[in-house]
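Coordinates from protein-v8.cif are shown below (mmCIF, C-alpha atoms).
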```cif
data_upload
loop_
_atom_site.label_atom_id
_atom_site.label_comp_id
_atom_site.auth_asym_id
_atom_site.auth_seq_id
_atom_site.Cartn_x
_atom_site.Cartn_y
_atom_site.Cartn_z
CA GLU A 1 -7.03 -10.98 -8.29
CA THR A 2 -4.84 -10.86 -5.20
CA GLY A 3 -6.65 -13.47 -3.10
CA VAL A 4 -7.27 -10.86 -0.39
CA THR A 5 -10.90 -9.94 0.21
CA GLN A 6 -12.43 -7.27 2.39
CA SER A 7 -15.93 -6.65 3.65
CA PRO A 8 -17.99 -4.64 3.44
CA THR A 9 -17.01 -2.65 0.36
CA HIS A 10 -18.83 0.48 1.51
CA LEU A 11 -20.06 1.62 4.89
CA ILE A 12 -21.69 4.74 6.31
CA LYS A 13 -21.49 5.39 10.05
CA THR A 14 -22.40 8.22 12.38
CA ARG A 15 -19.80 10.12 14.39
CA GLY A 16 -19.24 8.44 17.77
CA GLN A 17 -20.22 4.97 16.57
CA GLN A 18 -17.97 1.93 16.37
CA VAL A 19 -17.11 -0.03 13.23
CA THR A 20 -15.55 -3.41 12.43
CA LEU A 21 -13.96 -4.06 9.06
CA ARG A 22 -12.96 -7.52 7.95
CA CYS A 23 -10.22 -8.97 5.80
CA SER A 24 -9.54 -12.46 4.54
CA SER A 25 -5.87 -12.90 3.75
CA GLN A 26 -4.31 -15.02 1.07
CA SER A 27 -3.79 -18.59 2.25
CA GLY A 28 -0.33 -19.17 3.73
CA HIS A 29 0.36 -15.50 4.45
CA ASN A 30 1.46 -14.87 8.03
CA THR A 31 1.27 -11.07 8.19
CA VAL A 32 -1.63 -8.74 7.71
CA SER A 33 -1.29 -4.98 7.69
CA TRP A 34 -3.98 -2.34 7.70
CA TYR A 35 -3.73 1.00 5.96
CA GLN A 36 -5.88 4.11 5.82
CA GLN A 37 -6.00 5.96 2.51
CA ALA A 38 -7.55 9.40 2.38
CA LEU A 39 -8.70 10.74 -0.97
CA GLY A 40 -5.75 11.70 -3.16
CA GLN A 41 -3.18 10.44 -0.66
CA GLY A 42 -1.00 7.39 -0.33
CA PRO A 43 -1.94 4.64 2.13
CA GLN A 44 -0.93 5.32 5.75
CA PHE A 45 0.19 2.37 7.88
CA ILE A 46 -2.11 1.71 10.84
CA PHE A 47 -0.70 -1.54 12.28
CA GLN A 48 0.45 -5.01 11.41
CA TYR A 49 -0.35 -8.41 12.86
CA TYR A 50 2.00 -11.37 12.73
CA ARG A 51 1.00 -14.74 14.13
CA GLU A 52 -2.02 -13.13 15.80
CA GLU A 53 0.01 -10.53 17.72
CA GLU A 54 0.35 -6.83 16.96
CA ASN A 55 3.73 -6.31 15.34
CA GLY A 56 4.11 -2.58 14.90
CA ARG A 57 1.79 0.40 14.81
CA GLY A 58 1.78 3.63 12.90
CA ASN A 59 0.74 7.02 14.20
CA PHE A 60 -2.85 6.08 15.03
CA PRO A 61 -4.62 6.39 18.40
CA PRO A 62 -5.63 3.37 20.54
CA ARG A 63 -9.24 3.59 19.36
CA PHE A 64 -7.91 1.82 16.27
CA SER A 65 -7.45 -1.81 17.21
CA GLY A 66 -7.25 -5.12 15.45
CA LEU A 67 -7.32 -8.87 15.63
CA GLN A 68 -5.83 -11.63 13.52
CA PHE A 69 -7.28 -15.15 13.56
CA PRO A 70 -5.68 -18.53 12.79
CA ASN A 71 -7.79 -18.93 9.65
CA TYR A 72 -6.01 -15.98 7.93
CA SER A 73 -8.86 -13.56 8.62
CA SER A 74 -8.45 -10.31 10.51
CA GLU A 75 -10.44 -7.35 11.77
CA LEU A 76 -9.92 -3.64 12.14
CA ASN A 77 -12.01 -2.00 14.85
CA VAL A 78 -12.43 1.72 15.19
CA ASN A 79 -14.19 3.17 18.24
CA ALA A 80 -15.64 6.64 18.73
CA LEU A 81 -15.63 7.42 15.02
CA GLU A 82 -14.64 10.91 13.94
CA LEU A 83 -15.39 12.66 10.67
CA ASP A 84 -11.69 12.48 9.73
CA ASP A 85 -11.86 8.69 9.87
CA SER A 86 -13.65 8.78 6.53
CA ALA A 87 -11.29 7.03 4.14
CA LEU A 88 -10.56 3.86 2.19
CA TYR A 89 -9.28 1.16 4.54
CA LEU A 90 -7.00 -1.39 2.95
CA CYS A 91 -5.65 -4.61 4.31
CA ALA A 92 -2.55 -6.22 2.88
CA SER A 93 -1.29 -9.72 3.51
CA GLY A 94 2.14 -11.12 2.97
CA LYS A 95 4.58 -13.81 3.95
CA THR A 96 7.82 -12.86 5.62
CA GLY A 97 11.07 -13.80 3.96
CA THR A 98 9.70 -14.39 0.46
CA GLY A 99 10.37 -11.07 -1.22
CA GLU A 100 6.91 -11.19 -2.76
CA GLY A 101 5.67 -7.91 -1.38
CA ALA A 102 2.26 -7.31 0.12
CA PHE A 103 -1.03 -8.07 -1.62
CA PHE A 104 -3.87 -5.67 -1.04
CA GLY A 105 -7.58 -6.22 -0.82
CA GLN A 106 -9.99 -3.96 -2.70
CA GLY A 107 -10.64 -1.90 0.42
CA THR A 108 -13.60 -0.74 2.46
CA ARG A 109 -14.81 2.81 1.83
CA LEU A 110 -15.89 4.21 5.22
CA THR A 111 -17.88 7.41 5.38
CA VAL A 112 -18.49 9.02 8.77
CA VAL A 113 -21.31 11.54 8.90
CA GLN B 114 8.89 10.95 7.01
CA GLN B 115 6.98 10.21 3.85
CA PRO B 116 9.07 9.52 0.72
CA VAL B 117 8.75 12.19 -1.93
CA GLN B 118 7.87 11.16 -5.46
CA SER B 119 8.47 13.10 -8.63
CA PRO B 120 6.88 14.09 -10.85
CA GLN B 121 3.50 14.49 -9.14
CA ALA B 122 1.72 13.89 -12.42
CA VAL B 123 2.64 13.15 -16.00
CA ILE B 124 0.73 12.70 -19.25
CA LEU B 125 2.24 10.58 -21.99
CA ARG B 126 1.23 9.33 -25.38
CA GLU B 127 1.06 5.59 -25.84
CA GLY B 128 4.52 4.25 -26.64
CA GLU B 129 6.46 6.93 -24.79
CA ASP B 130 8.74 6.23 -21.83
CA ALA B 131 8.38 7.46 -18.25
CA VAL B 132 10.57 7.64 -15.17
CA ILE B 133 9.13 8.01 -11.68
CA ASN B 134 11.45 8.84 -8.80
CA CYS B 135 11.13 8.14 -5.09
CA SER B 136 13.39 9.84 -2.53
CA SER B 137 13.59 9.15 1.17
CA SER B 138 15.19 11.14 3.99
CA LYS B 139 15.75 7.90 5.91
CA ALA B 140 18.01 4.96 5.17
CA LEU B 141 16.22 2.37 3.08
CA TYR B 142 16.21 -1.39 3.33
CA SER B 143 13.61 -2.12 0.72
CA VAL B 144 11.48 -0.26 -1.80
CA HIS B 145 8.15 -1.60 -3.01
CA TRP B 146 6.40 -0.23 -6.09
CA TYR B 147 2.63 -0.33 -6.56
CA ARG B 148 0.16 0.90 -9.16
CA GLN B 149 -3.34 1.88 -8.14
CA LYS B 150 -6.20 2.58 -10.51
CA HIS B 151 -9.06 4.75 -9.37
CA GLY B 152 -11.32 2.91 -6.95
CA GLU B 153 -9.16 -0.21 -6.95
CA ALA B 154 -6.59 -1.83 -4.67
CA PRO B 155 -2.89 -1.08 -5.12
CA ILE B 156 -1.28 -3.76 -7.27
CA PHE B 157 2.21 -4.96 -6.38
CA LEU B 158 4.73 -4.37 -9.17
CA MET B 159 8.09 -5.21 -7.66
CA ILE B 160 10.31 -5.05 -4.60
CA LEU B 161 13.92 -3.91 -4.52
CA LEU B 162 16.21 -4.79 -1.67
CA LYS B 163 19.28 -3.08 -0.25
CA GLY B 164 22.28 -4.44 -2.08
CA GLY B 165 20.13 -5.86 -4.85
CA GLU B 166 20.31 -5.26 -8.55
CA GLN B 167 17.95 -3.48 -10.85
CA LYS B 168 14.77 -5.46 -11.35
CA GLY B 169 12.25 -5.62 -14.11
CA HIS B 170 9.62 -7.55 -15.91
CA ASP B 171 8.02 -6.91 -19.26
CA LYS B 172 8.54 -3.19 -19.93
CA ILE B 173 8.61 -2.04 -16.31
CA SER B 174 11.87 -1.95 -14.38
CA ALA B 175 13.26 -0.24 -11.32
CA SER B 176 16.52 0.67 -9.67
CA PHE B 177 17.56 1.29 -6.07
CA ASN B 178 20.39 3.65 -5.11
CA GLU B 179 21.16 3.06 -1.43
CA LYS B 180 23.64 5.92 -1.08
CA LYS B 181 21.20 8.47 -2.45
CA GLN B 182 18.26 6.79 -0.69
CA GLN B 183 16.39 6.83 -3.97
CA SER B 184 14.55 4.47 -6.25
CA SER B 185 13.35 4.99 -9.79
CA LEU B 186 10.65 3.18 -11.75
CA TYR B 187 11.08 2.98 -15.52
CA LEU B 188 8.12 2.44 -17.84
CA THR B 189 9.15 1.67 -21.41
CA ALA B 190 6.89 1.98 -24.44
CA SER B 191 3.93 2.79 -22.20
CA GLN B 192 0.57 1.17 -22.82
CA LEU B 193 -2.89 2.50 -22.02
CA SER B 194 -3.10 -0.03 -19.19
CA TYR B 195 -0.20 1.68 -17.43
CA SER B 196 -2.41 4.60 -16.45
CA GLY B 197 -2.92 4.98 -12.72
CA THR B 198 -1.25 6.35 -9.63
CA TYR B 199 2.13 4.89 -8.79
CA PHE B 200 3.30 4.67 -5.20
CA CYS B 201 6.63 3.70 -3.78
CA GLY B 202 6.57 2.14 -0.34
CA THR B 203 9.67 2.07 1.79
CA GLY B 204 10.24 -0.73 4.28
CA SER B 205 12.71 -1.17 7.07
CA ASN B 206 12.81 -4.95 7.13
CA PHE B 207 12.80 -7.41 4.29
CA GLY B 208 9.51 -9.20 3.95
CA ASN B 209 7.91 -7.17 6.70
CA GLU B 210 5.33 -5.05 5.03
CA LYS B 211 5.15 -2.06 7.34
CA LEU B 212 5.38 0.32 4.47
CA THR B 213 5.65 4.07 4.40
CA PHE B 214 4.11 5.12 1.12
CA GLY B 215 5.26 8.03 -1.00
CA THR B 216 3.26 10.99 -2.19
CA GLY B 217 2.22 9.25 -5.41
CA THR B 218 2.63 9.96 -9.12
CA ARG B 219 -0.41 10.09 -11.36
CA LEU B 220 0.36 8.73 -14.80
CA THR B 221 -2.06 9.23 -17.67
CA ILE B 222 -1.46 7.49 -20.99
CA ILE B 223 -3.38 8.84 -23.95
CA PRO B 224 -3.77 7.16 -27.36
#
```

Would you give me this structure, written as structure tokens?
Amino acid sequence: ETGVTQSPTHLIKTRGQQVTLRCSSQSGHNTVSWYQQALGQGPQFIFQYYREEENGRGNFPPRFSGLQFPNYSSELNVNALELDDSALYLCASGKTGTGEGAFFGQGTRLTVV
Amino acid sequence: QQPVQSPQAVILREGEDAVINCSSSKALYSVHWYRQKHGEAPIFLMILLKGGEQKGHDKISASFNEKKQQSSLYLTASQLSYSGTYFCGTGSNFGNEKLTFGTGTRLTIIP
């Protein structure tokens, strides 16, 4: 139990649609990062939020966007879904300067058809 | 550049030891190790920092060689619960979890 929860656990969307995934971070954590994990691959860094501002982005297009809220929750939004967006989306929360590492939620399995 | 892990997969009998290696082409500041079971979230095992010593807890330990830009995870007297895919994640800033994950090592422990 990491204290990080994501919703929904599974989702099926049609190509071209938009999707919002949600994450509730562990209390007291000030960073939240989102990762995309394709089947059989390691997680790929999408972006990170720190104190409600984007704090770094991986190699993902602008149709991937996010928000972080003061209550430790965050969202990942993906517009104009493509078939290749099908993956497990993980959020990870952490606290800078503690050396504790990041704690992952159980993920949202997104299938684009 | 994604860190490269070796081996890609290994099968061990319960009680045997394993070593998983993680090599990066870029200078490392920190290395994070995770274990992920099928269909579950990655679980944080430990973090090693540049200039830090070898770390460990229970029968799992790890080392970090800055000069070689490598880290190794050591699993001693493996248990069935150790089965899963192990990932190293390399970070550029301490405590800032923008991780670049390695290629993964699938570990299977059999009775």

**Prompt:** Restricting the calculation to all atoms listed in the file, which member of B:Thr216, B:Phe157, B:Pro224, B:Lys172 is positioned closest to B:Gln121?
**Reply:** B:Thr216

Could you list, with a cut-off of 10 Å and counting only C-alpha atoms, the residues of chain B near chain A, each shown with its nearest atom pair and the distance in Å rounded to one decimal, rows sorted by chain and ascending number, as JSON lines?
```
{"residue": "B:Gln115", "atom": "CA", "partner": "A:Gly42", "partner_atom": "CA", "distance": 9.4}
{"residue": "B:Ser143", "atom": "CA", "partner": "A:Gly99", "partner_atom": "CA", "distance": 9.7}
{"residue": "B:Val144", "atom": "CA", "partner": "A:Gly101", "partner_atom": "CA", "distance": 9.6}
{"residue": "B:His145", "atom": "CA", "partner": "A:Gly101", "partner_atom": "CA", "distance": 7.0}
{"residue": "B:Trp146", "atom": "CA", "partner": "A:Gly101", "partner_atom": "CA", "distance": 9.0}
{"residue": "B:Tyr147", "atom": "CA", "partner": "A:Ala102", "partner_atom": "CA", "distance": 9.7}
{"residue": "B:Gln149", "atom": "CA", "partner": "A:Gly42", "partner_atom": "CA", "distance": 9.8}
{"residue": "B:His151", "atom": "CA", "partner": "A:Gly40", "partner_atom": "CA", "distance": 9.9}
{"residue": "B:Gly152", "atom": "CA", "partner": "A:Gln106", "partner_atom": "CA", "distance": 8.2}
{"residue": "B:Glu153", "atom": "CA", "partner": "A:Gln106", "partner_atom": "CA", "distance": 5.7}
{"residue": "B:Ala154", "atom": "CA", "partner": "A:Gln106", "partner_atom": "CA", "distance": 4.5}
{"residue": "B:Pro155", "atom": "CA", "partner": "A:Phe104", "partner_atom": "CA", "distance": 6.2}
{"residue": "B:Ile156", "atom": "CA", "partner": "A:Phe104", "partner_atom": "CA", "distance": 7.0}
{"residue": "B:Phe157", "atom": "CA", "partner": "A:Phe103", "partner_atom": "CA", "distance": 6.5}
{"residue": "B:Leu158", "atom": "CA", "partner": "A:Gly101", "partner_atom": "CA", "distance": 8.6}
{"residue": "B:Met159", "atom": "CA", "partner": "A:Gly101", "partner_atom": "CA", "distance": 7.3}
{"residue": "B:Ile160", "atom": "CA", "partner": "A:Gly101", "partner_atom": "CA", "distance": 6.3}
{"residue": "B:Leu161", "atom": "CA", "partner": "A:Gly99", "partner_atom": "CA", "distance": 8.6}
{"residue": "B:Leu162", "atom": "CA", "partner": "A:Gly99", "partner_atom": "CA", "distance": 8.6}
{"residue": "B:Thr198", "atom": "CA", "partner": "A:Gly42", "partner_atom": "CA", "distance": 9.4}
{"residue": "B:Tyr199", "atom": "CA", "partner": "A:Gly42", "partner_atom": "CA", "distance": 9.4}
{"residue": "B:Phe200", "atom": "CA", "partner": "A:Gly42", "partner_atom": "CA", "distance": 7.0}
{"residue": "B:Cys201", "atom": "CA", "partner": "A:Gly42", "partner_atom": "CA", "distance": 9.2}
{"residue": "B:Gly202", "atom": "CA", "partner": "A:Pro43", "partner_atom": "CA", "distance": 9.2}
{"residue": "B:Asn206", "atom": "CA", "partner": "A:Thr96", "partner_atom": "CA", "distance": 9.5}
{"residue": "B:Phe207", "atom": "CA", "partner": "A:Gly97", "partner_atom": "CA", "distance": 6.6}
{"residue": "B:Gly208", "atom": "CA", "partner": "A:Thr96", "partner_atom": "CA", "distance": 4.4}
{"residue": "B:Asn209", "atom": "CA", "partner": "A:Thr96", "partner_atom": "CA", "distance": 5.8}
{"residue": "B:Glu210", "atom": "CA", "partner": "A:Ala102", "partner_atom": "CA", "distance": 6.2}
{"residue": "B:Lys211", "atom": "CA", "partner": "A:Phe45", "partner_atom": "CA", "distance": 6.7}
{"residue": "B:Leu212", "atom": "CA", "partner": "A:Phe45", "partner_atom": "CA", "distance": 6.5}
{"residue": "B:Thr213", "atom": "CA", "partner": "A:Phe45", "partner_atom": "CA", "distance": 6.7}
{"residue": "B:Phe214", "atom": "CA", "partner": "A:Gly42", "partner_atom": "CA", "distance": 5.8}
{"residue": "B:Gly215", "atom": "CA", "partner": "A:Gly42", "partner_atom": "CA", "distance": 6.3}
{"residue": "B:Thr216", "atom": "CA", "partner": "A:Gly42", "partner_atom": "CA", "distance": 5.9}
{"residue": "B:Gly217", "atom": "CA", "partner": "A:Gly42", "partner_atom": "CA", "distance": 6.3}
{"residue": "B:Thr218", "atom": "CA", "partner": "A:Gly42", "partner_atom": "CA", "distance": 9.9}
{"residue": "B:Arg219", "atom": "CA", "partner": "A:Gly40", "partner_atom": "CA", "distance": 9.9}
```

**Asked** Which residue out of A:Ser24, A:Asn77, A:Thr5, A:Thr108 has the minimum interatomic distance to A:Arg63 when all atoms listed in the file are used?
**Response**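 Of A:Ser24, A:Asn77, A:Thr5, A:Thr108, the one nearest A:Arg63 is A:Asn77, counting all atoms listed in the file.
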
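Here atom CA of B:Ser194 and atom CA of B:Ala131 stand 13.7 Å from one another.
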
Expand the PyMOL selection byres ((chain A and resi 64) around 8) into the explicit residue set it covers here, and present it as a PDB file with C-alpha atoms, in the coordinates of the input.
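Written output follows (part27.pdb):
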```pdb
ATOM      1  CA  ILE A  46      -2.110   1.710  10.840  1.00  0.00           C
ATOM      2  CA  PHE A  60      -2.850   6.080  15.030  1.00  0.00           C
ATOM      3  CA  PRO A  61      -4.620   6.390  18.400  1.00  0.00           C
ATOM      4  CA  PRO A  62      -5.630   3.370  20.540  1.00  0.00           C
ATOM      5  CA  ARG A  63      -9.240   3.590  19.360  1.00  0.00           C
ATOM      6  CA  SER A  65      -7.450  -1.810  17.210  1.00  0.00           C
ATOM      7  CA  GLY A  66      -7.250  -5.120  15.450  1.00  0.00           C
ATOM      8  CA  LEU A  76      -9.920  -3.640  12.140  1.00  0.00           C
ATOM      9  CA  ASN A  77     -12.010  -2.000  14.850  1.00  0.00           C
ATOM     10  CA  VAL A  78     -12.430   1.720  15.190  1.00  0.00           C
ATOM     11  CA  ASN A  79     -14.190   3.170  18.240  1.00  0.00           C
TER      12      ASN A  79
END
```

**Message:** With all atoms listed in the file as the counted atoms, please give the residues lying no more than 7 Å from A:Gln68, apart from itself and same-chain residues fewer than 4 positions off, as a PyMOL selection string.
**Reply:** chain A and resi 49+52+73-75

**Prompt:** Taking all atoms listed in the file into account, which of A:Lys13, A:His29, A:Arg22, A:Arg51 comes nearest A:Thr111?
**Reply:**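 Checking each candidate against A:Thr111, we get A:Lys13 as the closest.
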
**Message:** Counting only C-alpha atoms, I want the residues whose atoms come within 10 Å of (3.7, 4.1, -26.9) in the file frame, returned as a list of chain:residue names.
**Reply:**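 Output: B:Leu125, B:Arg126, B:Glu127, B:Gly128, B:Glu129, B:Asp130, B:Thr189, B:Ala190, B:Ser191, B:Gln192, B:Leu193, B:Ile222, B:Ile223, B:Pro224.
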
**Residue among A:Ser27, A:Tyr72, A:Thr9, A:Val113 lying closest to A:Tyr89, counting only C-alpha atoms** = A:Thr9

Adding 8 Å on each side of the box along x, y and z that holds all listed atoms of stretch 184-190 of chain B, could you give its centre and edge lengths in Å to one decimal, as JSON?
```
{"center_x": 10.7, "center_y": 3.3, "center_z": -15.3, "size_x": 23.7, "size_y": 19.3, "size_z": 34.2}
```

**Asked** Which residue gives the smallest distance to A:Glu82 among A:Phe69, A:Gly16, A:Ala38, A:Glu53, with all atoms listed in the file counted?
**Response**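 For A:Glu82, the nearest of the candidates is A:Gly16.
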
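Closest approach to B:Leu188 among B:Gly164, B:Gly204, B:His170, B:Leu141 is made by B:His170 (distances from all atoms listed in the file).
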
**Item:** Surrounding residues of B:Gln114 excluding itself and chain neighbours under 4 positions, 8 Å, only C-alpha atoms, as an NGL selection string
**Value:** :B and (137-139)

Please write C-alpha atoms of stretch 136-213 of chain B, from the structure given just now, as a PDB file, in the first residue's frame.
```
ATOM      1  CA  SER B 136      24.353   0.677 -17.029  1.00  0.00           C
ATOM      2  CA  SER B 137      23.884   4.223 -18.219  1.00  0.00           C
ATOM      3  CA  SER B 138      25.584   6.161 -21.009  1.00  0.00           C
ATOM      4  CA  LYS B 139      24.994   9.388 -19.082  1.00  0.00           C
ATOM      5  CA  ALA B 140      26.454  10.602 -15.812  1.00  0.00           C
ATOM      6  CA  LEU B 141      24.322   9.519 -12.889  1.00  0.00           C
ATOM      7  CA  TYR B 142      23.269  11.398  -9.803  1.00  0.00           C
ATOM      8  CA  SER B 143      20.928   8.841  -8.361  1.00  0.00           C
ATOM      9  CA  VAL B 144      19.716   5.326  -9.088  1.00  0.00           C
ATOM     10  CA  HIS B 145      16.337   4.068  -7.933  1.00  0.00           C
ATOM     11  CA  TRP B 146      15.428   0.380  -7.909  1.00  0.00           C
ATOM     12  CA  TYR B 147      11.866  -0.893  -8.262  1.00  0.00           C
ATOM     13  CA  ARG B 148      10.180  -4.283  -8.468  1.00  0.00           C
ATOM     14  CA  GLN B 149       6.969  -4.679 -10.416  1.00  0.00           C
ATOM     15  CA  LYS B 150       4.734  -7.729 -10.356  1.00  0.00           C
ATOM     16  CA  HIS B 151       2.443  -8.403 -13.270  1.00  0.00           C
ATOM     17  CA  GLY B 152      -0.516  -6.045 -13.280  1.00  0.00           C
ATOM     18  CA  GLU B 153       0.697  -4.133 -10.233  1.00  0.00           C
ATOM     19  CA  ALA B 154       2.418  -0.832  -9.515  1.00  0.00           C
ATOM     20  CA  PRO B 155       6.213  -0.655  -9.285  1.00  0.00           C
ATOM     21  CA  ILE B 156       7.305  -0.928  -5.667  1.00  0.00           C
ATOM     22  CA  PHE B 157      10.194   1.216  -4.467  1.00  0.00           C
ATOM     23  CA  LEU B 158      13.121  -0.843  -3.162  1.00  0.00           C
ATOM     24  CA  MET B 159      15.901   1.649  -2.590  1.00  0.00           C
ATOM     25  CA  ILE B 160      17.672   4.753  -3.835  1.00  0.00           C
ATOM     26  CA  LEU B 161      21.414   5.192  -4.210  1.00  0.00           C
ATOM     27  CA  LEU B 162      22.997   8.591  -4.457  1.00  0.00           C
ATOM     28  CA  LYS B 163      26.197   9.800  -6.067  1.00  0.00           C
ATOM     29  CA  GLY B 164      28.934   9.548  -3.489  1.00  0.00           C
ATOM     30  CA  GLY B 165      26.856   7.267  -1.301  1.00  0.00           C
ATOM     31  CA  GLU B 166      27.671   3.859   0.024  1.00  0.00           C
ATOM     32  CA  GLN B 167      26.193   0.514  -0.785  1.00  0.00           C
ATOM     33  CA  LYS B 168      22.690   0.188   0.593  1.00  0.00           C
ATOM     34  CA  GLY B 169      20.594  -2.726   1.643  1.00  0.00           C
ATOM     35  CA  HIS B 170      17.799  -4.064   3.713  1.00  0.00           C
ATOM     36  CA  ASP B 171      16.876  -7.624   4.520  1.00  0.00           C
ATOM     37  CA  LYS B 172      18.462  -9.726   1.757  1.00  0.00           C
ATOM     38  CA  ILE B 173      18.374  -7.100  -0.979  1.00  0.00           C
ATOM     39  CA  SER B 174      21.253  -4.688  -1.424  1.00  0.00           C
ATOM     40  CA  ALA B 175      22.652  -2.465  -4.145  1.00  0.00           C
ATOM     41  CA  SER B 176      25.799  -0.656  -5.158  1.00  0.00           C
ATOM     42  CA  PHE B 177      26.487   2.419  -7.267  1.00  0.00           C
ATOM     43  CA  ASN B 178      29.701   2.891  -9.252  1.00  0.00           C
ATOM     44  CA  GLU B 179      29.803   6.514 -10.412  1.00  0.00           C
ATOM     45  CA  LYS B 180      32.892   6.143 -12.594  1.00  0.00           C
ATOM     46  CA  LYS B 181      31.427   3.239 -14.532  1.00  0.00           C
ATOM     47  CA  GLN B 182      27.948   4.796 -14.467  1.00  0.00           C
ATOM     48  CA  GLN B 183      26.592   1.495 -13.235  1.00  0.00           C
ATOM     49  CA  SER B 184      24.495   0.132 -10.418  1.00  0.00           C
ATOM     50  CA  SER B 185      23.953  -3.450  -9.346  1.00  0.00           C
ATOM     51  CA  LEU B 186      21.143  -4.989  -7.316  1.00  0.00           C
ATOM     52  CA  TYR B 187      21.978  -8.050  -5.222  1.00  0.00           C
ATOM     53  CA  LEU B 188      19.314 -10.526  -4.145  1.00  0.00           C
ATOM     54  CA  THR B 189      20.550 -13.012  -1.566  1.00  0.00           C
ATOM     55  CA  ALA B 190      18.865 -16.318  -0.744  1.00  0.00           C
ATOM     56  CA  SER B 191      15.973 -15.458  -3.043  1.00  0.00           C
ATOM     57  CA  GLN B 192      12.401 -16.083  -1.949  1.00  0.00           C
ATOM     58  CA  LEU B 193       9.356 -16.824  -4.085  1.00  0.00           C
ATOM     59  CA  SER B 194       8.107 -13.310  -3.345  1.00  0.00           C
ATOM     60  CA  TYR B 195      11.111 -11.846  -5.158  1.00  0.00           C
ATOM     61  CA  SER B 196       9.662 -12.836  -8.523  1.00  0.00           C
ATOM     62  CA  GLY B 197       8.794  -9.912 -10.754  1.00  0.00           C
ATOM     63  CA  THR B 198      10.368  -7.449 -13.141  1.00  0.00           C
ATOM     64  CA  TYR B 199      13.089  -5.252 -11.719  1.00  0.00           C
ATOM     65  CA  PHE B 200      13.681  -1.773 -13.078  1.00  0.00           C
ATOM     66  CA  CYS B 201      16.414   0.685 -12.355  1.00  0.00           C
ATOM     67  CA  GLY B 202      15.488   4.330 -12.716  1.00  0.00           C
ATOM     68  CA  THR B 203      18.155   6.953 -13.153  1.00  0.00           C
ATOM     69  CA  GLY B 204      17.627  10.478 -11.872  1.00  0.00           C
ATOM     70  CA  SER B 205      19.502  13.680 -12.433  1.00  0.00           C
ATOM     71  CA  ASN B 206      18.567  15.434  -9.221  1.00  0.00           C
ATOM     72  CA  PHE B 207      18.266  14.075  -5.726  1.00  0.00           C
ATOM     73  CA  GLY B 208      14.686  13.783  -4.605  1.00  0.00           C
ATOM     74  CA  ASN B 209      13.348  14.862  -7.972  1.00  0.00           C
ATOM     75  CA  GLU B 210      11.673  11.853  -9.417  1.00  0.00           C
ATOM     76  CA  LYS B 211      12.011  12.473 -13.131  1.00  0.00           C
ATOM     77  CA  LEU B 212      13.243   8.997 -13.717  1.00  0.00           C
ATOM     78  CA  THR B 213      14.518   7.338 -16.840  1.00  0.00           C
TER      79      THR B 213
END
```
